[in-house]
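**Q** So I've got this file, query.cif, and it contains mmCIF, C-alpha atoms (C1' of nucleotides):
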```
data_protein
#
loop_
_atom_site.label_atom_id
_atom_site.label_comp_id
_atom_site.auth_asym_id
_atom_site.auth_seq_id
_atom_site.Cartn_x
_atom_site.Cartn_y
_atom_site.Cartn_z
CA MET L 1 -49.40 -45.69 49.44
CA ASP L 2 -51.80 -45.18 46.57
CA ARG L 3 -50.23 -45.98 43.22
CA ARG L 4 -51.41 -42.63 41.85
CA GLN L 5 -49.85 -40.67 44.65
CA LYS L 6 -46.53 -42.41 44.23
CA LYS L 7 -46.50 -41.75 40.51
CA THR L 8 -47.19 -38.02 40.78
CA ARG L 9 -44.71 -37.67 43.60
CA GLU L 10 -42.02 -39.26 41.50
CA ALA L 11 -42.99 -37.26 38.41
CA ILE L 12 -42.62 -34.05 40.40
CA PHE L 13 -39.27 -35.09 41.88
CA LYS L 14 -38.02 -36.02 38.45
CA ALA L 15 -39.20 -32.78 36.86
CA PHE L 16 -37.64 -30.78 39.67
CA THR L 17 -34.33 -32.61 39.26
CA VAL L 18 -34.31 -32.03 35.52
CA LEU L 19 -35.03 -28.34 35.98
CA LEU L 20 -32.36 -27.99 38.66
CA SER L 21 -29.76 -29.41 36.31
CA LYS L 22 -30.63 -26.66 33.83
CA LYS L 23 -31.32 -23.53 35.81
CA ASN L 24 -31.07 -21.79 39.14
CA TYR L 25 -33.39 -22.88 41.94
CA ASN L 26 -34.66 -19.36 42.44
CA HIS L 27 -35.64 -19.07 38.81
CA ILE L 28 -37.60 -22.31 38.75
CA THR L 29 -41.32 -21.69 39.08
CA VAL L 30 -44.01 -24.04 40.30
CA GLN L 31 -45.59 -23.48 36.91
CA GLU L 32 -42.56 -24.96 35.17
CA ILE L 33 -42.44 -27.90 37.53
CA ILE L 34 -46.04 -28.87 36.91
CA ASP L 35 -45.60 -28.36 33.17
CA VAL L 36 -42.58 -30.66 33.03
CA ALA L 37 -44.07 -33.17 35.46
CA ASP L 38 -47.33 -32.95 33.53
CA VAL L 39 -49.55 -32.82 36.58
CA GLY L 40 -52.33 -30.44 37.50
CA ARG L 41 -51.72 -27.36 39.56
CA THR L 42 -54.06 -28.61 42.27
CA THR L 43 -52.24 -31.91 42.39
CA PHE L 44 -48.89 -30.23 43.03
CA TYR L 45 -50.24 -28.28 45.97
CA ALA L 46 -51.93 -31.37 47.34
CA HIS L 47 -48.47 -32.94 47.61
CA PHE L 48 -46.24 -30.02 48.54
CA GLU L 49 -47.09 -26.87 50.39
CA THR L 50 -44.48 -24.84 48.50
CA LYS L 51 -41.43 -25.22 46.29
CA GLU L 52 -39.29 -25.09 49.41
CA PHE L 53 -41.05 -28.06 50.98
CA LEU L 54 -40.50 -29.95 47.76
CA LEU L 55 -36.77 -29.29 48.05
CA LYS L 56 -36.78 -30.34 51.68
CA GLU L 57 -38.55 -33.63 51.03
CA LEU L 58 -36.32 -34.38 48.08
CA CYS L 59 -33.22 -33.87 50.21
CA GLU L 60 -34.59 -36.01 52.99
CA GLU L 61 -35.37 -38.89 50.67
CA LEU L 62 -31.97 -38.65 49.02
CA PHE L 63 -29.75 -38.55 52.06
CA GLU L 64 -31.83 -40.71 54.34
CA HIS L 65 -31.00 -43.62 52.07
CA ILE L 66 -27.33 -43.00 51.48
CA ILE L 67 -26.46 -42.06 55.05
CA GLY L 68 -28.72 -44.72 56.46
CA THR L 69 -26.91 -47.56 54.75
CA ALA L 70 -23.58 -46.06 55.77
CA MET L 71 -24.76 -46.01 59.40
CA GLY L 72 -25.56 -49.67 58.99
CA HIS L 73 -22.03 -50.43 57.85
CA SER L 74 -20.60 -48.66 60.89
CA ASP L 75 -22.43 -51.07 63.18
CA ILE L 76 -21.47 -54.16 61.23
CA LYS L 77 -17.82 -53.36 61.07
CA GLY L 78 -17.67 -52.33 64.71
CA ARG L 79 -15.61 -55.35 65.55
CA TYR L 80 -12.51 -54.08 63.72
CA SER L 81 -10.28 -51.38 65.15
CA CYS L 82 -11.94 -48.00 65.47
CA GLU L 83 -10.15 -46.12 62.73
CA LYS L 84 -10.49 -48.82 60.11
CA ALA L 85 -14.23 -49.07 60.73
CA SER L 86 -14.79 -45.41 59.98
CA ASP L 87 -12.50 -45.59 56.95
CA VAL L 88 -14.74 -48.28 55.52
CA VAL L 89 -17.81 -46.11 56.07
CA TYR L 90 -16.24 -43.22 54.18
CA LEU L 91 -15.24 -45.44 51.30
CA HIS L 92 -18.76 -46.86 51.15
CA LEU L 93 -20.23 -43.37 51.00
CA VAL L 94 -17.99 -42.39 48.11
CA GLN L 95 -18.73 -45.62 46.25
CA HIS L 96 -22.43 -45.10 46.83
CA LEU L 97 -22.19 -41.65 45.29
CA GLN L 98 -20.39 -43.04 42.28
CA GLN L 99 -23.29 -45.41 41.68
CA ASN L 100 -25.49 -42.35 41.31
CA ASP L 101 -28.67 -43.64 42.94
CA ASN L 102 -31.67 -41.36 42.41
CA ASN L 103 -29.58 -39.12 40.16
CA ILE L 104 -27.91 -37.73 43.23
CA LEU L 105 -24.90 -36.65 41.17
CA GLU L 106 -27.12 -34.52 38.94
CA LEU L 107 -28.09 -32.60 42.06
CA LEU L 108 -24.68 -32.48 43.70
CA SER L 109 -23.15 -31.01 40.54
CA CYS L 110 -25.84 -28.55 39.53
CA GLN L 111 -25.65 -24.79 39.87
CA ASN L 112 -27.33 -24.94 43.22
CA ASN L 113 -25.37 -27.86 44.60
CA ASP L 114 -24.81 -25.80 47.76
CA LEU L 115 -28.45 -26.45 48.66
CA PHE L 116 -27.77 -30.17 48.70
CA LEU L 117 -24.28 -30.01 50.12
CA LYS L 118 -25.70 -28.15 53.11
CA TYR L 119 -28.17 -30.94 53.75
CA PHE L 120 -25.51 -33.56 53.15
CA LYS L 121 -23.16 -31.98 55.66
CA ASN L 122 -25.90 -31.77 58.25
CA ASP L 123 -26.60 -35.48 58.00
CA LEU L 124 -22.88 -36.23 57.96
CA VAL L 125 -22.38 -34.44 61.25
CA ASN L 126 -24.77 -36.89 62.86
CA LEU L 127 -23.11 -39.84 61.22
CA ILE L 128 -19.65 -38.75 62.29
CA ARG L 129 -20.75 -38.05 65.83
CA THR L 130 -22.01 -41.60 66.23
CA LEU L 131 -18.95 -42.95 64.43
CA TYR L 132 -16.52 -41.50 66.94
CA GLU L 133 -18.58 -41.11 70.08
CA LYS L 134 -17.91 -44.55 71.50
CA ASN L 135 -14.16 -44.51 71.26
CA GLY L 136 -12.77 -41.31 72.78
CA ILE L 137 -10.67 -40.28 69.78
CA LEU L 138 -12.12 -36.82 69.47
CA LYS L 139 -12.10 -36.16 73.20
CA ASN L 140 -8.34 -36.48 73.46
CA SER L 141 -7.64 -33.69 71.00
CA LYS L 142 -6.60 -30.22 72.04
CA LEU L 143 -9.36 -28.90 69.75
CA PRO L 144 -13.04 -28.74 70.84
CA GLU L 145 -15.01 -31.84 69.95
CA ASP L 146 -17.78 -30.07 68.03
CA PHE L 147 -15.17 -28.11 66.11
CA LEU L 148 -13.57 -31.38 65.05
CA ILE L 149 -16.82 -33.04 64.05
CA ASN L 150 -17.73 -30.00 61.99
CA HIS L 151 -14.30 -29.95 60.42
CA ILE L 152 -14.42 -33.60 59.45
CA ALA L 153 -17.91 -33.32 57.96
CA SER L 154 -16.98 -30.18 56.04
CA THR L 155 -13.82 -31.75 54.73
CA PHE L 156 -15.73 -34.77 53.49
CA VAL L 157 -18.31 -32.63 51.72
CA GLU L 158 -15.62 -30.43 50.19
CA THR L 159 -13.66 -33.45 49.06
CA VAL L 160 -16.69 -34.96 47.36
CA SER L 161 -17.59 -31.61 45.85
CA TRP L 162 -14.04 -31.22 44.51
CA TRP L 163 -14.19 -34.72 43.08
CA ILE L 164 -17.47 -34.10 41.27
CA SER L 165 -16.32 -30.76 39.90
CA HIS L 166 -13.32 -32.61 38.43
CA ASN L 167 -15.66 -35.04 36.65
CA MET L 168 -14.84 -37.83 39.10
CA LYS L 169 -11.70 -38.89 37.31
CA GLU L 170 -10.23 -40.42 40.46
CA THR L 171 -11.34 -43.75 41.90
CA PRO L 172 -13.40 -43.85 45.12
CA GLU L 173 -10.34 -45.31 46.84
CA THR L 174 -8.16 -42.37 45.82
CA ILE L 175 -10.76 -39.86 46.95
CA THR L 176 -11.14 -41.58 50.30
CA ASP L 177 -7.37 -41.48 50.66
CA TYR L 178 -7.31 -37.76 49.92
CA PHE L 179 -10.01 -37.20 52.49
CA LEU L 180 -8.30 -39.30 55.13
CA ALA L 181 -4.98 -37.60 54.44
CA ALA L 182 -6.71 -34.29 55.05
CA ILE L 183 -8.22 -35.25 58.40
CA GLU L 184 -6.14 -38.03 59.86
CA PRO L 185 -3.30 -35.85 61.10
CA ILE L 186 -5.83 -33.97 63.21
CA LEU L 187 -7.08 -37.08 64.92
CA GLN L 188 -3.57 -37.98 66.00
CA ASN L 189 -2.82 -34.44 67.09
CA LYS L 190 -3.45 -34.80 70.82
CA MET N 1 -19.79 10.08 42.71
CA ASP N 2 -22.91 12.14 43.16
CA ARG N 3 -23.82 12.58 46.81
CA ARG N 4 -27.40 11.53 46.05
CA GLN N 5 -26.32 8.31 44.36
CA LYS N 6 -24.06 7.38 47.24
CA LYS N 7 -26.81 7.99 49.78
CA THR N 8 -29.40 5.85 48.00
CA ARG N 9 -26.87 3.11 47.37
CA GLU N 10 -26.01 2.99 51.04
CA ALA N 11 -29.65 3.21 52.08
CA ILE N 12 -30.43 0.19 49.91
CA PHE N 13 -27.44 -1.79 51.19
CA LYS N 14 -28.41 -1.00 54.76
CA ALA N 15 -32.05 -1.93 54.23
CA PHE N 16 -31.04 -5.16 52.54
CA THR N 17 -28.70 -6.05 55.41
CA VAL N 18 -31.39 -5.35 58.00
CA LEU N 19 -33.89 -7.49 56.12
CA LEU N 20 -31.38 -10.33 55.69
CA SER N 21 -30.82 -10.44 59.43
CA LYS N 22 -34.54 -10.98 59.89
CA LYS N 23 -35.69 -13.22 57.07
CA ASN N 24 -34.72 -15.54 54.28
CA TYR N 25 -33.21 -14.06 51.13
CA ASN N 26 -35.80 -15.73 48.95
CA HIS N 27 -38.62 -14.19 50.91
CA ILE N 28 -37.28 -10.66 50.74
CA THR N 29 -39.02 -8.67 48.01
CA VAL N 30 -37.78 -5.61 46.18
CA GLN N 31 -40.91 -3.95 47.49
CA GLU N 32 -39.75 -4.46 51.07
CA ILE N 33 -36.24 -3.25 50.31
CA ILE N 34 -37.45 0.03 48.83
CA ASP N 35 -39.92 0.48 51.68
CA VAL N 36 -37.22 0.03 54.34
CA ALA N 37 -34.64 2.02 52.37
CA ASP N 38 -37.31 4.64 51.71
CA VAL N 39 -36.42 5.16 48.08
CA GLY N 40 -38.59 5.15 44.99
CA ARG N 41 -39.14 2.05 42.95
CA THR N 42 -37.61 3.67 39.89
CA THR N 43 -34.55 4.64 41.90
CA PHE N 44 -33.91 1.08 43.00
CA TYR N 45 -33.97 -0.22 39.46
CA ALA N 46 -31.73 2.64 38.32
CA HIS N 47 -29.10 1.29 40.73
CA PHE N 48 -29.58 -2.48 40.54
CA GLU N 49 -30.91 -4.57 37.75
CA THR N 50 -32.40 -7.15 40.12
CA LYS N 51 -32.24 -8.29 43.73
CA GLU N 52 -29.52 -10.74 42.70
CA PHE N 53 -27.28 -8.02 41.37
CA LEU N 54 -27.78 -6.16 44.63
CA LEU N 55 -26.52 -9.21 46.50
CA LYS N 56 -23.58 -9.55 44.14
CA GLU N 57 -22.48 -5.95 44.51
CA LEU N 58 -22.88 -6.07 48.28
CA CYS N 59 -20.65 -9.12 48.47
CA GLU N 60 -18.05 -7.56 46.22
CA GLU N 61 -17.85 -4.41 48.29
CA LEU N 62 -17.66 -6.38 51.51
CA PHE N 63 -14.93 -8.83 50.62
CA GLU N 64 -12.93 -6.61 48.32
CA HIS N 65 -12.05 -4.53 51.34
CA ILE N 66 -11.33 -7.27 53.86
CA ILE N 67 -9.38 -9.53 51.49
CA GLY N 68 -7.66 -6.60 49.85
CA THR N 69 -6.06 -5.39 53.06
CA ALA N 70 -5.07 -8.94 53.92
CA MET N 71 -3.36 -9.25 50.54
CA GLY N 72 -1.47 -6.10 51.42
CA HIS N 73 -0.21 -7.63 54.64
CA SER N 74 1.04 -10.68 52.80
CA ASP N 75 3.34 -8.50 50.69
CA ILE N 76 4.61 -6.45 53.61
CA LYS N 77 5.47 -9.41 55.76
CA GLY N 78 7.13 -11.25 52.89
CA ARG N 79 10.52 -10.83 54.48
CA TYR N 80 9.78 -13.25 57.30
CA SER N 81 9.75 -17.00 56.82
CA CYS N 82 7.00 -18.26 54.55
CA GLU N 83 4.79 -19.96 57.08
CA LYS N 84 4.83 -17.14 59.61
CA ALA N 85 3.85 -14.64 56.95
CA SER N 86 0.69 -16.52 56.07
CA ASP N 87 -0.12 -17.04 59.74
CA VAL N 88 -0.11 -13.28 60.20
CA VAL N 89 -2.49 -12.87 57.27
CA TYR N 90 -4.96 -15.33 58.76
CA LEU N 91 -4.84 -13.65 62.14
CA HIS N 92 -5.41 -10.29 60.49
CA LEU N 93 -8.45 -11.62 58.68
CA VAL N 94 -9.98 -12.94 61.89
CA GLN N 95 -9.26 -9.71 63.73
CA HIS N 96 -10.78 -7.76 60.88
CA LEU N 97 -13.94 -9.81 61.13
CA GLN N 98 -14.12 -9.20 64.86
CA GLN N 99 -14.10 -5.45 64.22
CA ASN N 100 -17.30 -5.97 62.23
CA ASP N 101 -16.73 -3.43 59.44
CA ASN N 102 -19.83 -2.82 57.32
CA ASN N 103 -21.85 -5.09 59.60
CA ILE N 104 -20.19 -8.04 57.96
CA LEU N 105 -20.96 -10.19 61.01
CA GLU N 106 -24.67 -9.51 60.64
CA LEU N 107 -24.42 -11.06 57.20
CA LEU N 108 -22.10 -13.93 58.07
CA SER N 109 -24.40 -15.02 60.89
CA CYS N 110 -27.79 -14.58 59.23
CA GLN N 111 -30.03 -17.38 58.00
CA ASN N 112 -28.54 -17.10 54.55
CA ASN N 113 -24.93 -16.85 55.61
CA ASP N 114 -24.14 -19.53 53.05
CA LEU N 115 -24.64 -16.92 50.33
CA PHE N 116 -21.84 -14.86 51.82
CA LEU N 117 -19.63 -17.73 52.89
CA LYS N 118 -19.63 -18.92 49.29
CA TYR N 119 -18.38 -15.55 48.10
CA PHE N 120 -15.90 -15.38 50.96
CA LYS N 121 -14.45 -18.75 50.11
CA ASN N 122 -14.09 -17.82 46.47
CA ASP N 123 -12.04 -14.75 47.31
CA LEU N 124 -10.05 -16.74 49.86
CA VAL N 125 -9.01 -19.26 47.23
CA ASN N 126 -7.34 -16.46 45.30
CA LEU N 127 -5.69 -15.08 48.41
CA ILE N 128 -4.36 -18.47 49.43
CA ARG N 129 -3.10 -19.25 45.96
CA THR N 130 -0.96 -16.10 45.92
CA LEU N 131 0.08 -16.71 49.52
CA TYR N 132 1.65 -20.07 48.78
CA GLU N 133 2.47 -19.89 45.09
CA LYS N 134 5.95 -18.41 45.47
CA ASN N 135 7.30 -20.92 47.94
CA GLY N 136 6.64 -24.45 46.75
CA ILE N 137 4.99 -25.68 49.94
CA LEU N 138 1.85 -26.96 48.23
CA LYS N 139 3.72 -28.50 45.33
CA ASN N 140 5.64 -30.89 47.55
CA SER N 141 2.53 -32.52 48.97
CA LYS N 142 1.26 -35.89 47.84
CA LEU N 143 -2.15 -34.27 47.43
CA PRO N 144 -3.10 -32.23 44.30
CA GLU N 145 -2.38 -28.54 44.66
CA ASP N 146 -5.89 -27.30 43.85
CA PHE N 147 -7.32 -29.83 46.27
CA LEU N 148 -5.13 -28.38 48.98
CA ILE N 149 -5.95 -24.77 48.20
CA ASN N 150 -9.62 -25.61 48.25
CA HIS N 151 -9.23 -27.49 51.50
CA ILE N 152 -7.42 -24.64 53.21
CA ALA N 153 -9.96 -22.06 52.06
CA SER N 154 -12.88 -24.25 53.12
CA THR N 155 -11.34 -24.91 56.49
CA PHE N 156 -10.84 -21.22 57.09
CA VAL N 157 -14.42 -20.42 56.18
CA GLU N 158 -15.75 -23.27 58.29
CA THR N 159 -13.63 -22.22 61.23
CA VAL N 160 -14.90 -18.65 61.05
CA SER N 161 -18.44 -19.90 60.61
CA TRP N 162 -18.09 -22.15 63.66
CA TRP N 163 -16.67 -19.24 65.65
CA ILE N 164 -19.56 -16.92 64.76
CA SER N 165 -22.17 -19.57 65.48
CA HIS N 166 -20.62 -19.91 68.94
CA ASN N 167 -21.04 -16.16 69.54
CA MET N 168 -17.32 -15.53 69.07
CA LYS N 169 -16.42 -16.40 72.63
CA GLU N 170 -12.84 -17.26 71.68
CA THR N 171 -10.16 -14.68 70.91
CA PRO N 172 -8.95 -14.17 67.33
CA GLU N 173 -5.65 -15.73 68.39
CA THR N 174 -7.36 -18.89 69.61
CA ILE N 175 -9.42 -19.19 66.45
CA THR N 176 -6.37 -18.74 64.27
CA ASP N 177 -4.65 -21.46 66.31
CA TYR N 178 -7.59 -23.81 65.79
CA PHE N 179 -7.49 -23.13 62.06
CA LEU N 180 -3.74 -23.62 61.81
CA ALA N 181 -3.95 -26.80 63.86
CA ALA N 182 -6.51 -28.07 61.37
CA ILE N 183 -4.42 -27.37 58.28
CA GLU N 184 -0.76 -27.31 59.33
CA PRO N 185 -0.31 -31.07 59.52
CA ILE N 186 -1.31 -31.25 55.87
CA LEU N 187 1.30 -28.81 54.75
CA GLN N 188 4.02 -30.88 56.36
CA ASN N 189 2.62 -34.11 54.98
CA LYS N 190 4.89 -34.48 51.96
"C1'" DA Q 1 -27.99 31.12 36.16
"C1'" DA Q 2 -28.19 27.18 33.08
"C1'" DA Q 3 -27.64 22.48 32.04
"C1'" DA Q 4 -27.32 17.91 33.58
"C1'" DT Q 5 -28.56 14.39 36.39
"C1'" DA Q 6 -30.90 11.88 40.12
"C1'" DA Q 7 -35.03 10.81 42.65
"C1'" DC Q 8 -39.97 10.62 42.83
"C1'" DG Q 9 -44.69 8.76 42.11
"C1'" DA Q 10 -48.29 6.94 39.60
"C1'" DA Q 11 -49.64 3.78 36.44
"C1'" DC Q 12 -49.13 -0.20 33.60
"C1'" DA Q 13 -48.86 -5.11 31.57
"C1'" DC Q 14 -47.36 -9.32 32.82
"C1'" DG Q 15 -46.32 -13.43 35.26
"C1'" DT Q 16 -46.59 -16.28 39.59
"C1'" DT Q 17 -48.88 -17.83 43.53
"C1'" DG Q 18 -51.99 -20.45 46.22
"C1'" DT Q 19 -56.95 -21.40 46.62
"C1'" DT Q 20 -61.69 -22.90 45.44
"C1'" DC Q 21 -64.96 -25.54 43.07
"C1'" DT Q 22 -66.77 -28.98 39.98
"C1'" DT Q 23 -66.01 -32.99 37.23
"C1'" DT Q 24 -63.68 -37.16 35.92
"C1'" DA Q 25 -60.70 -41.17 36.61
"C1'" DT Q 26 -58.71 -44.67 39.39
"C1'" DA Q 27 -57.89 -47.60 43.33
"C1'" DA Q 28 -59.63 -50.04 47.50
"C1'" DA Q 29 -63.29 -52.27 50.11
"C1'" DA Q 30 -67.70 -54.61 50.30
"C1'" DT J 1 -68.66 -56.81 40.53
"C1'" DT J 2 -70.53 -53.03 42.58
"C1'" DT J 3 -69.93 -49.50 45.79
"C1'" DT J 4 -67.30 -46.23 48.13
"C1'" DA J 5 -63.38 -43.46 48.86
"C1'" DT J 6 -59.79 -40.89 47.14
"C1'" DA J 7 -56.69 -38.76 43.75
"C1'" DA J 8 -56.11 -35.94 39.73
"C1'" DA J 9 -57.68 -32.58 36.34
"C1'" DG J 10 -59.16 -28.13 34.77
"C1'" DA J 11 -60.86 -23.64 34.93
"C1'" DA J 12 -61.24 -19.56 37.20
"C1'" DC J 13 -59.92 -16.26 40.82
"C1'" DA J 14 -57.82 -12.53 43.77
"C1'" DA J 15 -53.62 -11.08 45.56
"C1'" DC J 16 -49.14 -9.93 45.03
"C1'" DG J 17 -44.48 -8.96 42.99
"C1'" DT J 18 -41.89 -7.51 38.95
"C1'" DG J 19 -39.75 -4.45 35.88
"C1'" DT J 20 -40.77 -0.55 32.85
"C1'" DT J 21 -42.49 3.98 31.21
"C1'" DC J 22 -43.48 8.76 31.59
"C1'" DG J 23 -43.94 13.33 33.37
"C1'" DT J 24 -42.48 16.10 37.34
"C1'" DT J 25 -39.60 17.77 41.05
"C1'" DA J 26 -35.24 18.34 43.49
"C1'" DT J 27 -30.33 18.63 43.68
"C1'" DT J 28 -25.73 18.87 41.83
"C1'" DT J 29 -22.32 20.46 38.60
"C1'" DT J 30 -20.67 23.60 35.14
#
```
For the structure just supplied, provide its representation as structure tokens.

**A**
Amino acid sequence: MDRRQKKTREAIFKAFTVLLSKKNYNHITVQEIIDVADVGRTTFYAHFETKEFLLKELCEELFEHIIGTAMGHSDIKGRYSCEKASDVVYLHLVQHLQQNDNNILELLSCQNNDLFLKYFKNDLVNLIRTLYEKNGILKNSKLPEDFLINHIASTFVETVSWWISHNMKETPETITDYFLAAIEPILQNK
Amino acid sequence: MDRRQKKTREAIFKAFTVLLSKKNYNHITVQEIIDVADVGRTTFYAHFETKEFLLKELCEELFEHIIGTAMGHSDIKGRYSCEKASDVVYLHLVQHLQQNDNNILELLSCQNNDLFLKYFKNDLVNLIRTLYEKNGILKNSKLPEDFLINHIASTFVETVSWWISHNMKETPETITDYFLAAIEPILQNK
DNA sequence: AAAATAACGAACACGTTGTTCTTTATAAAA
DNA sequence: TTTTATAAAGAACAACGTGTTCGTTATTTT
């Protein structure tokens, strides 16, 4: 990719992130974004069709990375017992968030964090499905499988969201424990 | 309240609801709302400062009613054992939703249902706090109390959301059972 | 019947959007 | 290095949405 393209793309992402940490998504204008990013109007529209596409691409870049590496860990650790393997994946996700790559925390704690949490949950559903699909854990429950997957993903997102809103005082290990305490009884509830 | 005021207010709410069922909140303009509601531009702004205030007031009217009556039931049934009382409240809520007062289902199943689910969850947190605050059920858990309240409220909202997205094939009793199965193990997990 | 209040409609200034065109700067290919 | 391709800049534009003002008409309330 052209060095110029990469630079403007990153300048726009950065400006958008900064603005999101200050004000509501709906009140952010393209004009403000290009002012903060210091790029021409034409340039912005050459990169992103609209503000909404910008949001979409930002989310994709953010979560592709974090979920992708977690997926990797699920394969590597596949040799251990089923439950432990998934526990490790969850812990890795929480630790990854704590590291704050790409200022992801700035976005997950802003006014409009629901925009990002929605995306995050969506990607998590896929991760969780592949995590549990091989072993039949979810199939043996008296609750529908897609209900369970949705419940687990939601609980993870809510746990992380709760953690961030409490200024992440707890360690990643504690948070993972909270999360597992919230869902594990369900998995054993056959 | 003046009959004229009430009529325009309802016309605007109705128009807004219709539009929300068709398109994204961000793409709905005040112009469209007043066209569909068939009221003058000046009249709209005499009632609502902005589109956002319209959304806010709509949410308040919607959930004030449904949560309010549920709160009532929690007091009435207080004589039974603690857990059963709350179970009845949850069932009532689900049944209330099924009745579809004020086209609440149209809003909870539209593209932007997250706007309403967010409000719903907020009100639920208050309901749940009062539901469990007298008996010390939540205090005896190894998990923080506000984490638990948040988890229960989220799980309820997610359960309802899952139900609606599946065209509400299940009965209110089944859905309440699913919800209770998802949270009850936690409450006993001291 | 009179006074108060709500709705209407037209017009307005202002800001935002997304596009077009020309010019300049930078990177890649020869 | 020179040439060629491509990205960014900047100015200008029409179209649209916003929120307000003002004078007029219709409907309640007193």

**Q** Report as a list in words the full result of the PyMOL selection byres ((chain L) within 7 of (chain J)) when it is applied to this structure.

**A**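 When the PyMOL selection byres ((chain L) within 7 of (chain J)) is applied to the shown file, the picked residues are Arg4, Gly40 and Thr43 of chain L.
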
**Q** Quick one: pull the distance between CA of Asn26 (chain L) and CA of Cys59 (chain N), Å, one decimal.

**A**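 Those two atoms sit 18.4 Å apart.
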
**Q** Name the residues that the PyMOL selection byres ((chain Q) within 8 of (chain L)) pulls out of this structure, and write them as a PyMOL selection string.

**A** chain Q and resi 16+26-27

**Q** When you get a sec, could you note down which chain L residues fall within 8 Å of chain N, using only C-alpha atoms, as a ChimeraX atom specification?

**A** /L:26,143,147,150-151,154-155,158-159,162,178,181-183,185-186

**Q** Take CA of Leu58 (chain L) and CA of Phe13 (chain L) and report the distance between them in Å, one decimal.

**A**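 So the answer is 6.9 Å.
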
**Q** Carefully work through the PyMOL selection byres ((chain L and resi 126-131) around 12) for this structure and note down the residues it includes, as an mmCIF file with C-alpha atoms, keeping the file's coordinate frame.

**A**
```
data_model
loop_
_atom_site.group_PDB
_atom_site.id
_atom_site.type_symbol
_atom_site.label_atom_id
_atom_site.label_comp_id
_atom_site.auth_asym_id
_atom_site.auth_seq_id
_atom_site.Cartn_x
_atom_site.Cartn_y
_atom_site.Cartn_z
ATOM 1 C CA PHE L 63 -29.750 -38.550 52.060
ATOM 2 C CA GLU L 64 -31.830 -40.710 54.340
ATOM 3 C CA ILE L 66 -27.330 -43.000 51.480
ATOM 4 C CA ILE L 67 -26.460 -42.060 55.050
ATOM 5 C CA GLY L 68 -28.720 -44.720 56.460
ATOM 6 C CA THR L 69 -26.910 -47.560 54.750
ATOM 7 C CA ALA L 70 -23.580 -46.060 55.770
ATOM 8 C CA MET L 71 -24.760 -46.010 59.400
ATOM 9 C CA GLY L 72 -25.560 -49.670 58.990
ATOM 10 C CA HIS L 73 -22.030 -50.430 57.850
ATOM 11 C CA SER L 74 -20.600 -48.660 60.890
ATOM 12 C CA ASP L 75 -22.430 -51.070 63.180
ATOM 13 C CA ILE L 76 -21.470 -54.160 61.230
ATOM 14 C CA LYS L 77 -17.820 -53.360 61.070
ATOM 15 C CA GLY L 78 -17.670 -52.330 64.710
ATOM 16 C CA CYS L 82 -11.940 -48.000 65.470
ATOM 17 C CA GLU L 83 -10.150 -46.120 62.730
ATOM 18 C CA LYS L 84 -10.490 -48.820 60.110
ATOM 19 C CA ALA L 85 -14.230 -49.070 60.730
ATOM 20 C CA SER L 86 -14.790 -45.410 59.980
ATOM 21 C CA ASP L 87 -12.500 -45.590 56.950
ATOM 22 C CA VAL L 88 -14.740 -48.280 55.520
ATOM 23 C CA VAL L 89 -17.810 -46.110 56.070
ATOM 24 C CA TYR L 90 -16.240 -43.220 54.180
ATOM 25 C CA LEU L 93 -20.230 -43.370 51.000
ATOM 26 C CA TYR L 119 -28.170 -30.940 53.750
ATOM 27 C CA PHE L 120 -25.510 -33.560 53.150
ATOM 28 C CA LYS L 121 -23.160 -31.980 55.660
ATOM 29 C CA ASN L 122 -25.900 -31.770 58.250
ATOM 30 C CA ASP L 123 -26.600 -35.480 58.000
ATOM 31 C CA LEU L 124 -22.880 -36.230 57.960
ATOM 32 C CA VAL L 125 -22.380 -34.440 61.250
ATOM 33 C CA TYR L 132 -16.520 -41.500 66.940
ATOM 34 C CA GLU L 133 -18.580 -41.110 70.080
ATOM 35 C CA LYS L 134 -17.910 -44.550 71.500
ATOM 36 C CA ASN L 135 -14.160 -44.510 71.260
ATOM 37 C CA GLY L 136 -12.770 -41.310 72.780
ATOM 38 C CA ILE L 137 -10.670 -40.280 69.780
ATOM 39 C CA LEU L 138 -12.120 -36.820 69.470
ATOM 40 C CA LYS L 139 -12.100 -36.160 73.200
ATOM 41 C CA GLU L 145 -15.010 -31.840 69.950
ATOM 42 C CA ASP L 146 -17.780 -30.070 68.030
ATOM 43 C CA PHE L 147 -15.170 -28.110 66.110
ATOM 44 C CA LEU L 148 -13.570 -31.380 65.050
ATOM 45 C CA ILE L 149 -16.820 -33.040 64.050
ATOM 46 C CA ASN L 150 -17.730 -30.000 61.990
ATOM 47 C CA HIS L 151 -14.300 -29.950 60.420
ATOM 48 C CA ILE L 152 -14.420 -33.600 59.450
ATOM 49 C CA ALA L 153 -17.910 -33.320 57.960
ATOM 50 C CA SER L 154 -16.980 -30.180 56.040
ATOM 51 C CA THR L 155 -13.820 -31.750 54.730
ATOM 52 C CA PHE L 156 -15.730 -34.770 53.490
#
```

**Q** Provide the CA of Ile12 (chain N) to CA of Ile33 (chain N) distance in Å, to one decimal place.

**A** 6.8 Å

**Q** Around region 176-189 of chain L, with edges along x, y and z and 6 Å added on all six sides, what centre and edge lengths do you get, in Å to one decimal, as lines of an AutoDock Vina configuration file?

**A**
```
center_x = -7.0
center_y = -37.8
center_z = 58.5
size_x = 20.3
size_y = 19.6
size_z = 29.2
```
